[in-house]
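> Dropping in work-v6.tsv, which is TSV, C-alpha atoms:
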```tsv
chain	number	residue	atom	x	y	z
A	28	MET	CA	-19.27	115.05	-80.85
A	29	SER	CA	-17.05	115.93	-83.74
A	30	GLU	CA	-13.30	116.21	-83.37
A	31	LEU	CA	-11.95	119.49	-82.07
A	32	PRO	CA	-9.77	121.61	-84.34
A	33	GLU	CA	-6.07	121.45	-83.49
A	34	TYR	CA	-3.08	123.68	-84.11
A	35	LYS	CA	0.17	121.76	-84.59
A	36	LEU	CA	3.72	122.88	-85.02
A	37	GLU	CA	6.79	120.62	-85.21
A	38	ARG	CA	10.41	121.60	-85.41
A	39	VAL	CA	13.72	119.76	-85.05
A	40	PHE	CA	16.27	121.69	-83.01
A	41	GLU	CA	20.02	121.12	-83.33
A	42	ALA	CA	20.51	120.53	-79.62
A	43	PRO	CA	20.26	117.62	-77.20
A	44	ARG	CA	16.95	117.09	-75.45
A	45	GLU	CA	18.14	118.06	-71.96
A	46	MET	CA	19.26	121.42	-73.33
A	47	VAL	CA	16.00	122.06	-75.17
A	48	TRP	CA	14.07	121.10	-72.06
A	49	ARG	CA	16.12	123.59	-70.03
A	50	ALA	CA	15.42	126.35	-72.57
A	51	TRP	CA	11.67	125.76	-72.02
A	52	THR	CA	11.71	125.37	-68.26
A	53	ASP	CA	14.35	127.79	-66.96
A	54	PRO	CA	12.55	131.18	-66.80
A	55	ASP	CA	15.77	133.09	-67.52
A	56	LEU	CA	16.24	131.17	-70.77
A	57	LEU	CA	12.53	131.04	-71.57
A	58	GLN	CA	12.14	134.82	-71.47
A	59	ARG	CA	14.99	135.17	-73.95
A	60	TRP	CA	13.00	133.52	-76.73
A	61	TYR	CA	9.34	133.79	-75.70
A	62	GLY	CA	7.93	137.04	-77.05
A	63	PRO	CA	10.00	138.06	-80.05
A	64	GLY	CA	10.49	141.75	-80.53
A	65	VAL	CA	9.01	142.64	-77.14
A	66	GLU	CA	10.20	142.48	-73.55
A	67	THR	CA	9.02	139.32	-71.82
A	68	ILE	CA	8.56	139.47	-68.05
A	69	ILE	CA	7.88	136.21	-66.26
A	70	HIS	CA	6.15	137.17	-63.02
A	71	GLU	CA	5.78	133.64	-61.74
A	72	PHE	CA	7.01	130.29	-62.95
A	73	ASP	CA	6.05	127.28	-60.91
A	74	LEU	CA	6.68	124.18	-62.99
A	75	THR	CA	4.48	121.78	-61.02
A	76	PRO	CA	0.96	120.49	-61.68
A	77	ASP	CA	-1.45	123.40	-60.91
A	78	GLY	CA	1.51	125.78	-60.78
A	79	SER	CA	1.36	128.94	-62.92
A	80	TRP	CA	3.47	130.70	-65.48
A	81	LEU	CA	2.37	134.34	-65.42
A	82	ASN	CA	3.66	136.10	-68.48
A	83	GLU	CA	3.75	139.76	-69.48
A	84	MET	CA	4.79	140.96	-72.91
A	85	LYS	CA	5.69	144.62	-72.78
A	86	TRP	CA	6.45	147.20	-75.41
A	87	GLY	CA	6.39	150.93	-74.70
A	88	ASP	CA	3.41	151.61	-72.44
A	89	ASN	CA	1.61	148.49	-73.68
A	90	SER	CA	1.37	145.14	-71.99
A	91	LEU	CA	-0.23	141.87	-72.98
A	92	TYR	CA	-0.79	139.40	-70.19
A	93	SER	CA	-1.26	135.65	-70.44
A	94	LYS	CA	-1.46	132.84	-67.94
A	95	MET	CA	-0.38	129.25	-68.29
A	96	VAL	CA	-1.39	126.67	-65.67
A	97	PHE	CA	0.69	123.48	-65.78
A	98	GLN	CA	-1.17	120.17	-65.82
A	99	GLU	CA	1.52	117.60	-66.43
A	100	VAL	CA	5.28	117.98	-66.18
A	101	ALA	CA	7.37	114.98	-67.26
A	102	PRO	CA	11.03	115.94	-67.70
A	103	PRO	CA	12.50	115.88	-70.25
A	104	SER	CA	9.77	114.69	-72.60
A	105	LYS	CA	6.42	116.35	-71.97
A	106	ILE	CA	4.71	119.48	-70.62
A	107	ILE	CA	0.96	120.05	-70.73
A	108	TRP	CA	-0.60	123.36	-69.71
A	109	HIS	CA	-3.83	125.34	-69.87
A	110	HIS	CA	-3.08	128.44	-71.92
A	111	PHE	CA	-5.19	131.53	-71.17
A	112	SER	CA	-4.10	133.59	-74.14
A	113	SER	CA	-5.41	136.89	-72.82
A	114	THR	CA	-5.78	138.07	-69.21
A	115	ASP	CA	-6.04	141.37	-67.36
A	116	ALA	CA	-3.22	142.65	-65.12
A	117	ASP	CA	-4.66	140.55	-62.26
A	118	TRP	CA	-4.37	137.39	-64.36
A	119	ASN	CA	-8.12	136.90	-64.88
A	120	SER	CA	-8.99	135.46	-68.29
A	121	THR	CA	-10.45	138.02	-70.72
A	122	PRO	CA	-11.67	137.80	-74.33
A	123	ASN	CA	-9.12	138.51	-77.02
A	124	PRO	CA	-9.33	142.28	-77.68
A	125	LYS	CA	-8.94	141.79	-81.42
A	126	MET	CA	-11.18	138.77	-81.86
A	127	PRO	CA	-13.77	138.09	-79.11
A	128	ASP	CA	-14.63	134.62	-80.40
A	129	TRP	CA	-11.03	133.41	-80.35
A	130	PRO	CA	-10.83	130.52	-77.81
A	131	ARG	CA	-9.95	131.92	-74.40
A	132	LEU	CA	-8.41	128.67	-73.25
A	133	LEU	CA	-6.20	126.33	-75.26
A	134	LEU	CA	-5.01	122.96	-74.01
A	135	THR	CA	-1.33	123.05	-74.93
A	136	THR	CA	0.88	119.97	-75.17
A	137	VAL	CA	4.60	120.15	-75.87
A	138	LEU	CA	6.48	116.92	-76.57
A	139	PHE	CA	10.27	116.65	-76.70
A	140	GLU	CA	11.53	113.70	-78.69
A	141	GLN	CA	15.20	112.75	-78.77
A	142	LEU	CA	16.65	112.19	-82.26
A	143	GLY	CA	20.30	111.39	-81.63
A	144	ASP	CA	21.87	114.71	-80.61
A	145	LYS	CA	18.88	116.61	-81.98
A	146	THR	CA	15.43	117.16	-80.52
A	147	LYS	CA	12.05	117.20	-82.19
A	148	VAL	CA	9.56	119.50	-80.49
A	149	CYS	CA	5.85	118.96	-81.22
A	150	LEU	CA	3.46	121.64	-80.01
A	151	SER	CA	-0.30	121.18	-80.09
A	152	GLN	CA	-3.12	123.52	-79.08
A	153	ILE	CA	-6.78	122.52	-78.83
A	154	PRO	CA	-9.66	124.76	-77.65
A	155	MET	CA	-10.87	123.86	-74.14
A	156	ASP	CA	-14.24	124.54	-72.51
A	157	ALA	CA	-14.97	126.43	-75.71
A	158	THR	CA	-18.29	127.80	-76.96
A	159	ASP	CA	-19.54	126.71	-80.38
A	160	ALA	CA	-18.56	130.14	-81.69
A	161	GLU	CA	-15.01	129.77	-80.34
A	162	ILE	CA	-14.67	126.29	-81.86
A	163	ALA	CA	-16.01	127.50	-85.20
A	164	CYS	CA	-13.64	130.46	-85.16
A	165	PHE	CA	-10.61	128.30	-84.34
A	166	ALA	CA	-11.68	125.61	-86.84
A	167	ALA	CA	-12.02	128.17	-89.63
A	168	ALA	CA	-8.62	129.58	-88.80
A	169	MET	CA	-6.97	126.15	-88.56
A	170	SER	CA	-8.50	124.97	-91.83
A	171	GLY	CA	-6.71	127.94	-93.35
A	172	MET	CA	-3.39	127.25	-91.67
A	173	ASP	CA	-1.94	124.36	-93.63
A	174	LYS	CA	-4.28	123.23	-96.36
A	175	GLY	CA	-5.16	126.78	-97.23
A	176	TRP	CA	-8.96	126.65	-96.96
A	177	GLY	CA	-8.99	124.10	-99.76
A	178	SER	CA	-8.34	124.99	-103.35
A	179	GLY	CA	-10.85	127.82	-103.12
A	180	TYR	CA	-8.66	129.59	-100.66
A	181	GLU	CA	-5.60	129.21	-102.84
A	182	ILE	CA	-7.45	130.95	-105.64
A	183	LEU	CA	-8.44	133.71	-103.24
A	184	ASP	CA	-4.91	134.01	-101.96
A	185	ASP	CA	-3.56	134.48	-105.48
A	186	MET	CA	-6.28	136.98	-106.23
A	187	LEU	CA	-5.56	138.87	-103.02
A	188	THR	CA	-1.89	139.09	-103.81
A	189	GLU	CA	-2.79	140.56	-107.20
A	190	LEU	CA	-5.36	142.94	-105.73
A	191	LEU	CA	-3.05	144.13	-102.99
A	192	ALA	CA	-0.23	144.58	-105.47
A	193	ALA	CA	-2.53	146.66	-107.66
A	194	ASN	CA	-3.98	148.72	-104.76
A	195	PRO	CA	-1.30	148.98	-102.11
B	24	MET	CA	-1.98	150.47	-66.98
B	25	GLU	CA	-2.92	151.80	-70.33
B	26	GLU	CA	-5.23	149.68	-72.38
B	27	ILE	CA	-4.29	148.70	-75.88
B	28	ARG	CA	-6.68	150.22	-78.37
B	29	TYR	CA	-7.47	148.88	-81.77
B	30	THR	CA	-9.01	150.83	-84.59
B	31	GLN	CA	-12.69	150.30	-85.14
B	32	THR	CA	-12.43	150.33	-88.91
B	33	GLN	CA	-11.24	146.78	-89.27
B	34	PRO	CA	-13.69	144.10	-90.40
B	35	ASP	CA	-15.51	141.96	-87.85
B	36	LEU	CA	-13.13	139.00	-87.90
B	37	ASP	CA	-15.47	136.77	-85.93
B	38	ALA	CA	-18.10	137.16	-88.65
B	39	VAL	CA	-15.44	136.61	-91.31
B	40	PHE	CA	-14.24	133.34	-89.77
B	41	ALA	CA	-17.79	132.15	-89.10
B	42	ALA	CA	-18.56	132.80	-92.78
B	43	LEU	CA	-15.41	131.00	-93.90
B	44	ALA	CA	-16.15	127.96	-91.71
B	45	ASP	CA	-18.65	126.64	-94.29
B	46	PRO	CA	-17.29	124.77	-97.35
B	47	THR	CA	-20.13	125.92	-99.63
B	48	ARG	CA	-19.42	129.53	-98.80
B	49	ARG	CA	-15.71	129.00	-99.47
B	50	ALA	CA	-16.65	127.49	-102.84
B	51	ILE	CA	-18.85	130.51	-103.57
B	52	LEU	CA	-15.92	132.80	-102.77
B	53	ALA	CA	-13.69	130.75	-105.05
B	54	ARG	CA	-16.28	131.17	-107.83
B	55	LEU	CA	-16.35	134.93	-107.23
B	56	ALA	CA	-12.58	135.06	-107.42
B	57	ASP	CA	-13.08	134.51	-111.16
B	58	GLY	CA	-15.28	137.60	-111.36
B	59	GLU	CA	-18.66	138.92	-110.27
B	60	ALA	CA	-21.69	136.66	-110.69
B	61	SER	CA	-25.48	136.67	-110.16
B	62	VAL	CA	-27.30	134.31	-107.79
B	63	ASN	CA	-28.30	132.16	-110.79
B	64	GLU	CA	-24.75	131.90	-112.01
B	65	ILE	CA	-23.48	131.07	-108.56
B	66	ALA	CA	-26.18	128.45	-107.93
B	67	ALA	CA	-25.61	126.64	-111.25
B	68	PRO	CA	-22.69	124.35	-110.20
B	69	PHE	CA	-24.21	123.57	-106.79
B	70	ALA	CA	-27.04	121.12	-106.12
B	71	MET	CA	-28.73	123.92	-104.25
B	72	SER	CA	-31.79	126.12	-104.59
B	73	GLN	CA	-31.48	129.82	-105.27
B	74	PRO	CA	-32.92	130.75	-101.86
B	75	ALA	CA	-30.25	128.56	-100.20
B	76	VAL	CA	-27.54	130.30	-102.20
B	77	SER	CA	-29.07	133.66	-101.30
B	78	ARG	CA	-28.84	132.79	-97.61
B	79	HIS	CA	-25.13	131.99	-97.99
B	80	LEU	CA	-24.61	135.25	-99.86
B	81	LYS	CA	-26.28	137.16	-97.01
B	82	VAL	CA	-23.83	135.62	-94.51
B	83	LEU	CA	-20.89	136.50	-96.76
B	84	GLU	CA	-22.24	140.02	-97.25
B	85	ARG	CA	-22.72	140.58	-93.50
B	86	ALA	CA	-19.12	139.45	-92.93
B	87	GLY	CA	-18.05	142.04	-95.50
B	88	LEU	CA	-16.50	139.35	-97.70
B	89	ILE	CA	-18.66	140.23	-100.69
B	90	GLU	CA	-20.50	143.29	-101.96
B	91	ARG	CA	-23.68	143.30	-104.03
B	92	ASP	CA	-25.08	145.92	-106.35
B	93	ILE	CA	-28.36	147.33	-105.09
B	94	ASP	CA	-29.48	149.07	-108.26
B	95	ARG	CA	-29.16	146.45	-110.89
B	96	GLN	CA	-31.74	143.71	-111.43
B	97	ARG	CA	-29.22	140.86	-111.32
B	98	ARG	CA	-27.64	142.08	-108.09
B	99	PRO	CA	-24.30	140.56	-109.00
B	100	ALA	CA	-22.00	139.71	-106.10
B	101	ARG	CA	-18.30	140.44	-106.06
B	102	LEU	CA	-15.48	139.83	-103.62
B	103	ASN	CA	-14.34	142.41	-101.13
B	104	ALA	CA	-10.66	141.70	-100.72
B	105	ARG	CA	-10.22	143.91	-97.63
B	106	SER	CA	-12.07	141.59	-95.21
B	107	MET	CA	-10.36	138.58	-96.65
B	108	ALA	CA	-7.00	140.25	-96.23
B	109	ALA	CA	-7.80	141.02	-92.57
B	110	ALA	CA	-8.54	137.32	-91.97
B	111	VAL	CA	-5.31	136.30	-93.68
B	112	ASP	CA	-3.44	138.84	-91.53
B	113	TRP	CA	-4.91	137.37	-88.36
B	114	LEU	CA	-3.88	133.88	-89.44
B	115	ASN	CA	-0.38	135.06	-90.20
B	116	ASP	CA	-0.20	136.67	-86.74
B	117	PHE	CA	-1.28	133.43	-85.10
B	118	LYS	CA	1.15	131.38	-87.16
B	119	ALA	CA	3.88	133.87	-86.29
B	120	PHE	CA	3.11	133.48	-82.57
B	121	TRP	CA	4.81	130.11	-82.29
B	122	GLY	CA	6.78	130.19	-85.54
B	123	THR	CA	8.80	133.26	-84.55
B	124	ARG	CA	9.27	131.95	-81.02
B	125	PHE	CA	10.69	128.72	-82.39
B	126	ASP	CA	13.09	130.77	-84.52
B	127	GLN	CA	14.25	132.62	-81.39
B	128	LEU	CA	14.57	129.38	-79.44
B	129	ASP	CA	16.88	128.15	-82.19
B	130	THR	CA	19.09	131.20	-81.62
B	131	VAL	CA	19.09	130.77	-77.83
B	132	LEU	CA	20.08	127.11	-78.15
B	133	ILE	CA	22.98	128.04	-80.42
B	134	ASP	CA	24.07	130.64	-77.83
B	135	ILE	CA	23.99	128.06	-75.04
B	136	LYS	CA	25.98	125.61	-77.13
B	137	ASN	CA	28.56	128.23	-78.02
B	138	SER	CA	29.03	129.36	-74.43
B	139	LYS	CA	29.38	125.73	-73.32
B	140	ALA	CA	31.97	125.14	-76.01
B	141	LYS	CA	33.88	128.22	-74.80
B	142	GLU	CA	33.77	127.02	-71.20
B	143	ALA	CA	35.04	123.62	-72.29
B	144	GLY	CA	37.84	125.36	-74.25
B	145	HIS	CA	39.02	127.17	-71.13
B	146	GLU	CA	39.35	124.00	-69.10
```
What do you get writing this file as structure tokens?


Amino acid sequence: MSELPEYKLERVFEAPREMVWRAWTDPDLLQRWYGPGVETIIHEFDLTPDGSWLNEMKWGDNSLYSKMVFQEVAPPSKIIWHHFSSTDADWNSTPNPKMPDWPRLLLTTVLFEQLGDKTKVCLSQIPMDATDAEIACFAAAMSGMDKGWGSGYEILDDMLTELLAANP
Amino acid sequence: MEEIRYTQTQPDLDAVFAALADPTRRAILARLADGEASVNEIAAPFAMSQPAVSRHLKVLERAGLIERDIDRQRRPARLNARSMAAAVDWLNDFKAFWGTRFDQLDTVLIDIKNSKAKEAGHE
């Protein structure tokens, strides 16, 4: 079986690790940064293996629901959860309304590494229990994330910028 | 609860990403970025038969990534930037999902540090 596509994001934060850990695991702090531009409501936050984080992002009359189920919690260095990126209001997993073949479930790992008085956070997401179509969809998207779909994509990107500038 | 509705006019992104998952098809798109081309012209740089290239073109056409002239003998293919732009938009949204959150986390951490510093100052 070939390797699964992976989304990775790393960032160094100017804060000690205990503080960064608290910002991720205290629901009051978490809802201040999770869900930019919209109201984040954390309905449940049980930071234990098999415990859930039930999250609602709300703007106007609209709500987007997602469910995270914790797998491993190792303070202050590691959290692993199952990320159901789209659910109904009863927290049942549903296909993404915009893109049905987007993976419904992503295995999410967050690592907190101490660098003196700073903290490096590494986030990784890998499709789980995914259909071939979901894997292909995620792989195509990921191959466009950093390397830009190869040189071909860079050409396209330039061309798009020109086209969109010409026909706004 | 009111359901979020999306317009039906946007391209089928699943088909777009499935089409983009293949390196040959990405290379064909890169070729077409230089201008429209016939099947023969597209096939030339690839060690591939014309029917094989035609099959790739059909996938790209179904995804709305290219358009082909029906009337003319050569049936040249050309890029359709709209579908491509929709795919790029989706990617940007996904990137923004965690990227913007990390930006906000930065701000929250600075707030915590500042309020701690204030507390310490009052002691």

> Could you make a table, as CSV, of the residues of chain B that have an atom within 7 Å of an atom of chain A, each with its nearest atom pair and distance in Å to one decimal, counting all atoms listed in the file, in chain and number order?


```
residue,atom,partner,partner_atom,distance
B:Glu25,CA,A:Asn89,CA,6.5
B:Ile27,CA,A:Asn89,CA,6.3
B:Leu36,CA,A:Met126,CA,6.4
B:Asp37,CA,A:Asp128,CA,6.0
B:Phe40,CA,A:Cys164,CA,5.5
B:Ala41,CA,A:Cys164,CA,6.0
B:Leu43,CA,A:Ala167,CA,6.1
B:Ala44,CA,A:Ala167,CA,4.6
B:Arg49,CA,A:Gly179,CA,6.2
B:Ala50,CA,A:Gly179,CA,5.8
B:Ala53,CA,A:Gly179,CA,4.5
B:Ala56,CA,A:Leu183,CA,6.0
B:Ala104,CA,A:Leu187,CA,6.3
B:Leu114,CA,A:Ala168,CA,6.4
B:Thr123,CA,A:Pro63,CA,6.7
B:Arg124,CA,A:Tyr61,CA,5.6
B:Gln127,CA,A:Trp60,CA,4.9
B:Leu128,CA,A:Trp60,CA,5.2
B:Asp129,CA,A:Phe40,CA,6.5
B:Val131,CA,A:Trp60,CA,6.8
B:Leu132,CA,A:Ala42,CA,6.8
```

> So which residues touch region 130-139 of chain A within 6 Å, counting all atoms listed in the file, skipping near sequence neighbours fewer than 2 positions away, as a PyMOL selection string?

chain A and resi 104-111+147-155+161

> Between CA of Leu74 (chain A) and CA of Ile135 (chain B), what is the distance in Å, rounded to a tenth?

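Result for CA of Leu74 (chain A) versus CA of Ile135 (chain B): 21.4 Å, one decimal.
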
> Centre and edge lengths, as JSON, for the axis-aligned box enclosing every listed atom of region 33-36 of chain A with 4 Å of padding on each of the six sides, in Å to one decimal?


```
{"center_x": -1.2, "center_y": 122.6, "center_z": -84.3, "size_x": 17.8, "size_y": 10.2, "size_z": 9.5}
```

> Which is closer to Lys94 (chain A) than all the others in A:Thr67, A:Thr121, A:Thr52, A:Thr114, using all atoms listed in the file?

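Checking each candidate against Lys94 (chain A), we get A:Thr114 as the closest.
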
> With all atoms listed in the file as the atoms that count, which of B:Ile51, B:Ala67, B:Ala108, B:Asn103 lies nearest to Leu80 (chain B)?

B:Ile51

> Grab the CA of Ala86 (chain B) to CA of Ser93 (chain A) distance for me, in Å with one decimal place.

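Taking CA of Ala86 (chain B) and CA of Ser93 (chain A), their separation equals 29.0 Å.
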
> So how many Å separate CA of Asn63 (chain B) and CA of Asp35 (chain B), to one decimal?

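Calculated distance between CA of Asn63 (chain B) and CA of Asp35 (chain B) is 28.0 Å.
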
> Find the residue from A:Ile68, A:Leu31, A:Ala157, A:Leu142 that sits nearest to Lys85 (chain A); use only C-alpha atoms when measuring.

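Smallest distance to Lys85 (chain A) is found for A:Ile68.
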
> So that I can look at just that part, could you write region 63-83 of chain A with C-alpha atoms, as a PDB file, in the first residue's frame?


```pdb
ATOM      1  CA  PRO A  63     -11.178  32.987  13.183  1.00  0.00           C
ATOM      2  CA  GLY A  64     -13.815  35.480  12.204  1.00  0.00           C
ATOM      3  CA  VAL A  65     -16.670  33.366  13.550  1.00  0.00           C
ATOM      4  CA  GLU A  66     -18.053  32.561  16.977  1.00  0.00           C
ATOM      5  CA  THR A  67     -16.686  29.282  18.310  1.00  0.00           C
ATOM      6  CA  ILE A  68     -18.854  27.360  20.761  1.00  0.00           C
ATOM      7  CA  ILE A  69     -17.293  24.362  22.467  1.00  0.00           C
ATOM      8  CA  HIS A  70     -20.209  22.169  23.536  1.00  0.00           C
ATOM      9  CA  GLU A  71     -18.084  19.488  25.134  1.00  0.00           C
ATOM     10  CA  PHE A  72     -14.396  19.179  25.853  1.00  0.00           C
ATOM     11  CA  ASP A  73     -13.253  15.997  27.512  1.00  0.00           C
ATOM     12  CA  LEU A  74      -9.491  15.766  27.158  1.00  0.00           C
ATOM     13  CA  THR A  75      -9.135  12.038  27.827  1.00  0.00           C
ATOM     14  CA  PRO A  76      -8.714   9.090  25.453  1.00  0.00           C
ATOM     15  CA  ASP A  77     -12.133   8.509  23.774  1.00  0.00           C
ATOM     16  CA  GLY A  78     -13.336  11.851  25.136  1.00  0.00           C
ATOM     17  CA  SER A  79     -14.857  14.333  22.670  1.00  0.00           C
ATOM     18  CA  TRP A  80     -14.407  17.925  21.663  1.00  0.00           C
ATOM     19  CA  LEU A  81     -17.701  19.003  20.103  1.00  0.00           C
ATOM     20  CA  ASN A  82     -17.227  22.218  18.215  1.00  0.00           C
ATOM     21  CA  GLU A  83     -19.674  24.639  16.612  1.00  0.00           C
TER      22      GLU A  83
END
```
